[in-house]
Amino acid sequence: MAKKFMRNKSVRLSCLIASVFLMGATFTNNERSDNERFLAEMKSAGESTVLLNNHKQIIPLMYLERAKIASVNLGSAHAAVFDSLLNKYASIDSYTSTSYNADSLSIDDLIDDLKFKNTVIAQVTDASLNDKETMHFLLDNQKNKQLIVVLFGNAGSLAKLNDITAPVILTSHTDAGANFAAQLVFGGVAAKGRLSAKVSARYTKGAGFATRKTRLKYTVPEEAGINSSYLKEIDEVALEAVRERAAPGAVVMVLKDGNVIFNKAYGSHTYGADALPTKINDIFDLASVTKISATTMAVMRLHEQQKLKLDTNVGAYIPKARNTDKKDITVREVMLHQAGFIPFIPFYRDMKKTDFSPDSSYAFPVKAADNYYMRRNYFGEVMWYQMLHAPIKTRGKYVYSDLSMYYMKEMVERQSGETLDKYVWNEFYKPLGMKTAGFNPRYRFAKDQIVPTEDDTYFRKTLLHGYVHDQGASMVGGISGHAGLFASANDLAILYQMVLNGGSYGGVQYFKPETVNMFTRKQSDVSRRGLGFDRWDADSKNGYPSKLASPETYGHTGYTGTCVWVDPKYNMVYIFLSNRVHPSVSNKLSELSIRGRIQDAVYKAIQNGTGGTALGK
């Protein structure tokens with residue numbers, strides 16, 4: 001009987017089975033004891049897992065922008081756990097063998113199916129190594145690919161891998177072993193195990209390579225010394241938000257000490273009995289979180305390359321600004337929202353019927369929503385012209401303005417030679433392993449993965465589903481400096497752990513620590529702002545962004561009901577994603593202080609978990 005291989009190209013993050021205790025995704029009455037048992041199993045798996053043949057330091061994997069990765073299951077019963085954890089770090093195509101009574105033709109078919117992959121992670125077992133076709137598969141891929149072998153079994157089976165020079169991870173045939181091994185591949189955990197006895201000339205007593213942790217670890221609150229029961233308040237506040245219709249749904253994620261310790265989804269995409277439940281890997285419209293997650297990242301990179309200087313004036317970078325009153329404004333003033341720009345311009349209110357069409361064409365190429373296309377060069381002739389000639393009223397004072405990031409986008413694109421979306425994808429998102437982050441997600445993802453925003457009854461006359469909520473950003477094709485970025489919580493976690501690390505992630509230095517420090521610390525004499533980044537507010541009566549946040553805290557909020565806040569004092573990242581503008585704009589999220597109260601709950605849990613003194617300012 002011919003062997004059959006079943007390919008699954010879209011392993012969803014949500015498929016991680018309950019036994020992994022997905023960072024707070026499932027709560028039980030005995031949660032703390034369950035989590036402690038999980039940690040004990042993970043500790044045991046870590047001690048017994050051995051990394052071999054890593055002379056070339058292939059593990060942890062680096063340079064994910066170059067990787068085209070396949071995970072091939074040749075007999076493991078724990079592939080669901082293994083592949084789900086792999087997919088936290090990069091896009092993985094999974095292949096599963098359904099029979100071992102195989103002939104060489106079907107194995108060769110699989111080898112042929114992998115021809116466009118450059119990295120193959122093969123899951124094998126004691127039993128599957130007895131199949132000569134398994135060895136044929138491993139040896140063939142060792143010649144042509146970057147092969148990684150994960151052996152779920154006993155050390156004695158290593159003798160069958162004497163001809164394998166590629167990295168081999170020996171781990172237990174358990175969910176914990178699969179969890180640990182998958183995170184080890186990408187540096188979420190460190191290798192330290194050694195063989196306790198000689199197996200062969202290649203695999204000798206004491207053999208084993210040590211690695212270090214370079215990426216996020218996915219675990220439970222107890223890993224950070226926090227009793228998971230202390231995080232129950234997050235549930236209470238998030239469910240209050242759904243119950244009070246502050247937002248149909250939300251995702252909350254918390255990172256502590258480089259570990260994802262909480263990640264949970266609440267509510268649904270929309271209201272109604274047939275609404276899709278929110279999932280932790282859903283993609284949200286980030287709104288103004290775009291300002292720091294895309295535009296500011298680009299500015300930081302160009303600043304380090306000395307292609308964009310903070311104290312150079314706008315006119316030096318934007319030729320059309322040279323004959324306007326914007327020419328002498330510095331880049332620093334723009335980044336601090338002190339350039340004197342008016343807050344925003346409601347461009348859509350002045351549109352004429354000749355400016356848009358329900359059909360695309362050469363004359364109407366810019367898609368703002370389904371069945372809504374803007375005319376060619378509307379941005380240059382109308383929007384950009386208005387911004388260039390809008391009055392400067394408050395230069396030197398702090399006035400939060402979306403126009404600032406329109407200007408920064410133009411400067412980024414001129415100095416980088418690429419559009420903003422392509423630049424941040426190539427420079428940051430792809431190499432970091434961020435799978436969902438980007439502009440215009442409808443071009444890349446199914447609608448059910450994207451959380452809809454407003455039912456727009458006044459401009460585009462449709463439910464906005466995968467098209468940017470912000471009107472101005474939509475009128476330039478969904479790619480703007482102030483709005484337009486979509487992402488999942490996991491992608492933001494990767495990006496801001498890199499920032500919290502001082503610019504380093506996955507063994508790659510994306511920024512110098514001094515660059516991160518300069519952009520995120522307070523830089524203004526007239527406001528709380530950093531360069532691009534919002535910050536903790538000493539003058540806030542209610543505590544912004546949280547009553548218990550430290551003065552070191554930086555991040556941003558988004559109009560659609562999102563936020564990300566980094567608190568270096570507590571080595572913490574807090575992410576909240578929602579669609580509070582569905583079906584129409586609601587202020588309840590702010591009125592109920594949902595985001596701040598959840599952040600407070602995290603600080604209180606840290607306090608209770610460590611037995612420390614009162615947190616706060």
# chains A, B, ... in the order shown; residues from 1 in each chain; ligands from 1
>>> select_by_dssp(residues="range 327-450 of chain A", states="strand (DSSP E or B)", output="number ranges by chain")
A: 330, 356-357, 366-369, 372-374, 438-439, 450
>>> residues_around(residues="Glu514 in chain A", least_positions_apart="6", cutoff="10 Å", atoms="only C-alpha atoms", output="VMD selection string")
chain A and resid 502 to 503 520
>>> residues_around(residues="Phe284 in chain A", least_positions_apart="2", cutoff="6 Å", atoms="only C-alpha atoms", output="ChimeraX atom specification")
/A:286,451,486-487
>>> write_last_selection(atoms="C-alpha atoms", output="CSV table (one decimal), in the first residue's frame")
chain,number,residue,atom,x,y,z
A,286,LEU,CA,-4.4,48.8,15.2
A,451,VAL,CA,-12.0,41.4,13.1
A,486,PHE,CA,-3.2,45.3,11.2
A,487,ALA,CA,-1.8,42.6,13.4
>>> closest_atom_pairs(of="range 245-304 of chain A", to="range 218-237 of chain A", cutoff="8 Å", atoms="only C-alpha atoms", output="Markdown table")
| residue | atom | partner | partner_atom | distance |
| --- | --- | --- | --- | --- |
| A:Lys256 | CA | A:Ala224 | CA | 6.6 |
| A:Asp257 | CA | A:Ala224 | CA | 7.1 |
| A:Asn259 | CA | A:Tyr218 | CA | 5.9 |
| A:Val260 | CA | A:Tyr218 | CA | 4.9 |
| A:Ile261 | CA | A:Pro221 | CA | 4.6 |
| A:Phe262 | CA | A:Pro221 | CA | 6.7 |
>>> write_last_selection(atoms="N, CA and C atoms", output="PDB file, in the first residue's frame")
ATOM      1  N   LYS A 256       6.072  38.873  30.537  1.00  0.00           N
ATOM      2  CA  LYS A 256       6.872  39.200  31.724  1.00  0.00           C
ATOM      3  C   LYS A 256       8.207  38.474  31.630  1.00  0.00           C
ATOM      4  N   ASP A 257       9.281  39.230  31.715  1.00  0.00           N
ATOM      5  CA  ASP A 257      10.626  38.662  31.682  1.00  0.00           C
ATOM      6  C   ASP A 257      10.883  37.849  30.415  1.00  0.00           C
ATOM      7  N   ASN A 259       8.686  36.219  28.708  1.00  0.00           N
ATOM      8  CA  ASN A 259       7.790  35.071  28.635  1.00  0.00           C
ATOM      9  C   ASN A 259       6.357  35.530  28.400  1.00  0.00           C
ATOM     10  N   VAL A 260       5.656  34.873  27.486  1.00  0.00           N
ATOM     11  CA  VAL A 260       4.223  35.117  27.333  1.00  0.00           C
ATOM     12  C   VAL A 260       3.520  34.344  28.439  1.00  0.00           C
ATOM     13  N   ILE A 261       2.966  35.056  29.410  1.00  0.00           N
ATOM     14  CA  ILE A 261       2.355  34.394  30.571  1.00  0.00           C
ATOM     15  C   ILE A 261       0.840  34.463  30.562  1.00  0.00           C
ATOM     16  N   PHE A 262       0.283  35.261  29.647  1.00  0.00           N
ATOM     17  CA  PHE A 262      -1.182  35.373  29.585  1.00  0.00           C
ATOM     18  C   PHE A 262      -1.556  35.734  28.161  1.00  0.00           C
TER      19      PHE A 262
END
>>> residues_around(residues="Val120 in chain A", least_positions_apart="5", cutoff="12 Å", atoms="only C-alpha atoms", output="VMD selection string")
chain A and resid 61 67 to 73 92 to 95 110 to 111 113 to 115 137 to 150 166 to 167 185
>>> residues_around(residues="range 299-303 of chain A", least_positions_apart="3", cutoff="12 Å", atoms="only C-alpha atoms", output="VMD selection string")
chain A and resid 291 to 296 306 to 312 331 to 332 334 to 335 405 407 to 417 420 423 to 424 427 to 428 481 499 503 509 to 520 531 to 533
>>> write_last_selection(atoms="C-alpha atoms", output="PDB file, in the first residue's frame")
ATOM      1  CA  LYS A 291       2.425  55.292  14.493  1.00  0.00           C
ATOM      2  CA  ILE A 292       4.906  53.420  16.674  1.00  0.00           C
ATOM      3  CA  SER A 293       4.687  49.928  15.171  1.00  0.00           C
ATOM      4  CA  ALA A 294       5.396  50.991  11.588  1.00  0.00           C
ATOM      5  CA  THR A 295       6.342  54.638  11.059  1.00  0.00           C
ATOM      6  CA  THR A 296       8.452  55.162  14.171  1.00  0.00           C
ATOM      7  CA  GLN A 306      21.951  58.696   9.165  1.00  0.00           C
ATOM      8  CA  LYS A 307      19.487  58.938   6.308  1.00  0.00           C
ATOM      9  CA  LEU A 308      16.978  60.852   8.440  1.00  0.00           C
ATOM     10  CA  LYS A 309      18.247  63.373  10.974  1.00  0.00           C
ATOM     11  CA  LEU A 310      16.012  64.601  13.756  1.00  0.00           C
ATOM     12  CA  ASP A 311      17.229  68.183  13.715  1.00  0.00           C
ATOM     13  CA  THR A 312      17.095  68.603   9.953  1.00  0.00           C
ATOM     14  CA  VAL A 331      11.808  66.243  12.081  1.00  0.00           C
ATOM     15  CA  ARG A 332      12.097  66.214  15.865  1.00  0.00           C
ATOM     16  CA  VAL A 334       7.075  66.475  13.894  1.00  0.00           C
ATOM     17  CA  MET A 335       7.840  63.328  15.912  1.00  0.00           C
ATOM     18  CA  MET A 405       2.706  60.875  10.546  1.00  0.00           C
ATOM     19  CA  TYR A 407       4.616  63.858   6.830  1.00  0.00           C
ATOM     20  CA  MET A 408       6.823  61.184   8.379  1.00  0.00           C
ATOM     21  CA  LYS A 409       5.573  58.586   5.898  1.00  0.00           C
ATOM     22  CA  GLU A 410       6.591  60.854   3.011  1.00  0.00           C
ATOM     23  CA  MET A 411      10.036  61.316   4.527  1.00  0.00           C
ATOM     24  CA  VAL A 412      10.474  57.599   5.245  1.00  0.00           C
ATOM     25  CA  GLU A 413       9.546  56.635   1.699  1.00  0.00           C
ATOM     26  CA  ARG A 414      11.755  59.282   0.133  1.00  0.00           C
ATOM     27  CA  GLN A 415      14.789  58.358   2.247  1.00  0.00           C
ATOM     28  CA  SER A 416      14.330  54.580   2.077  1.00  0.00           C
ATOM     29  CA  GLY A 417      13.294  54.337  -1.563  1.00  0.00           C
ATOM     30  CA  LEU A 420       6.207  52.248   4.007  1.00  0.00           C
ATOM     31  CA  TYR A 423       9.949  48.806   4.085  1.00  0.00           C
ATOM     32  CA  VAL A 424       8.687  47.716   7.504  1.00  0.00           C
ATOM     33  CA  GLU A 427      13.229  45.388   7.631  1.00  0.00           C
ATOM     34  CA  PHE A 428      11.256  44.189  10.653  1.00  0.00           C
ATOM     35  CA  GLY A 481       1.888  56.683   8.588  1.00  0.00           C
ATOM     36  CA  VAL A 499      12.177  46.940  21.726  1.00  0.00           C
ATOM     37  CA  GLY A 503      16.629  46.341  19.965  1.00  0.00           C
ATOM     38  CA  GLN A 509      20.340  43.428  16.689  1.00  0.00           C
ATOM     39  CA  TYR A 510      17.653  45.518  14.981  1.00  0.00           C
ATOM     40  CA  PHE A 511      18.451  48.734  16.847  1.00  0.00           C
ATOM     41  CA  LYS A 512      21.206  50.020  19.066  1.00  0.00           C
ATOM     42  CA  PRO A 513      20.097  50.176  22.718  1.00  0.00           C
ATOM     43  CA  GLU A 514      20.828  53.900  22.763  1.00  0.00           C
ATOM     44  CA  THR A 515      18.431  54.419  19.839  1.00  0.00           C
ATOM     45  CA  VAL A 516      15.635  52.617  21.690  1.00  0.00           C
ATOM     46  CA  ASN A 517      16.352  54.605  24.822  1.00  0.00           C
ATOM     47  CA  MET A 518      16.327  57.935  22.992  1.00  0.00           C
ATOM     48  CA  PHE A 519      13.056  57.370  21.145  1.00  0.00           C
ATOM     49  CA  THR A 520      11.160  55.877  24.095  1.00  0.00           C
ATOM     50  CA  LEU A 531       9.855  60.475  19.764  1.00  0.00           C
ATOM     51  CA  GLY A 532       6.793  58.893  18.206  1.00  0.00           C
ATOM     52  CA  PHE A 533       6.036  57.027  21.426  1.00  0.00           C
TER      53      PHE A 533
END
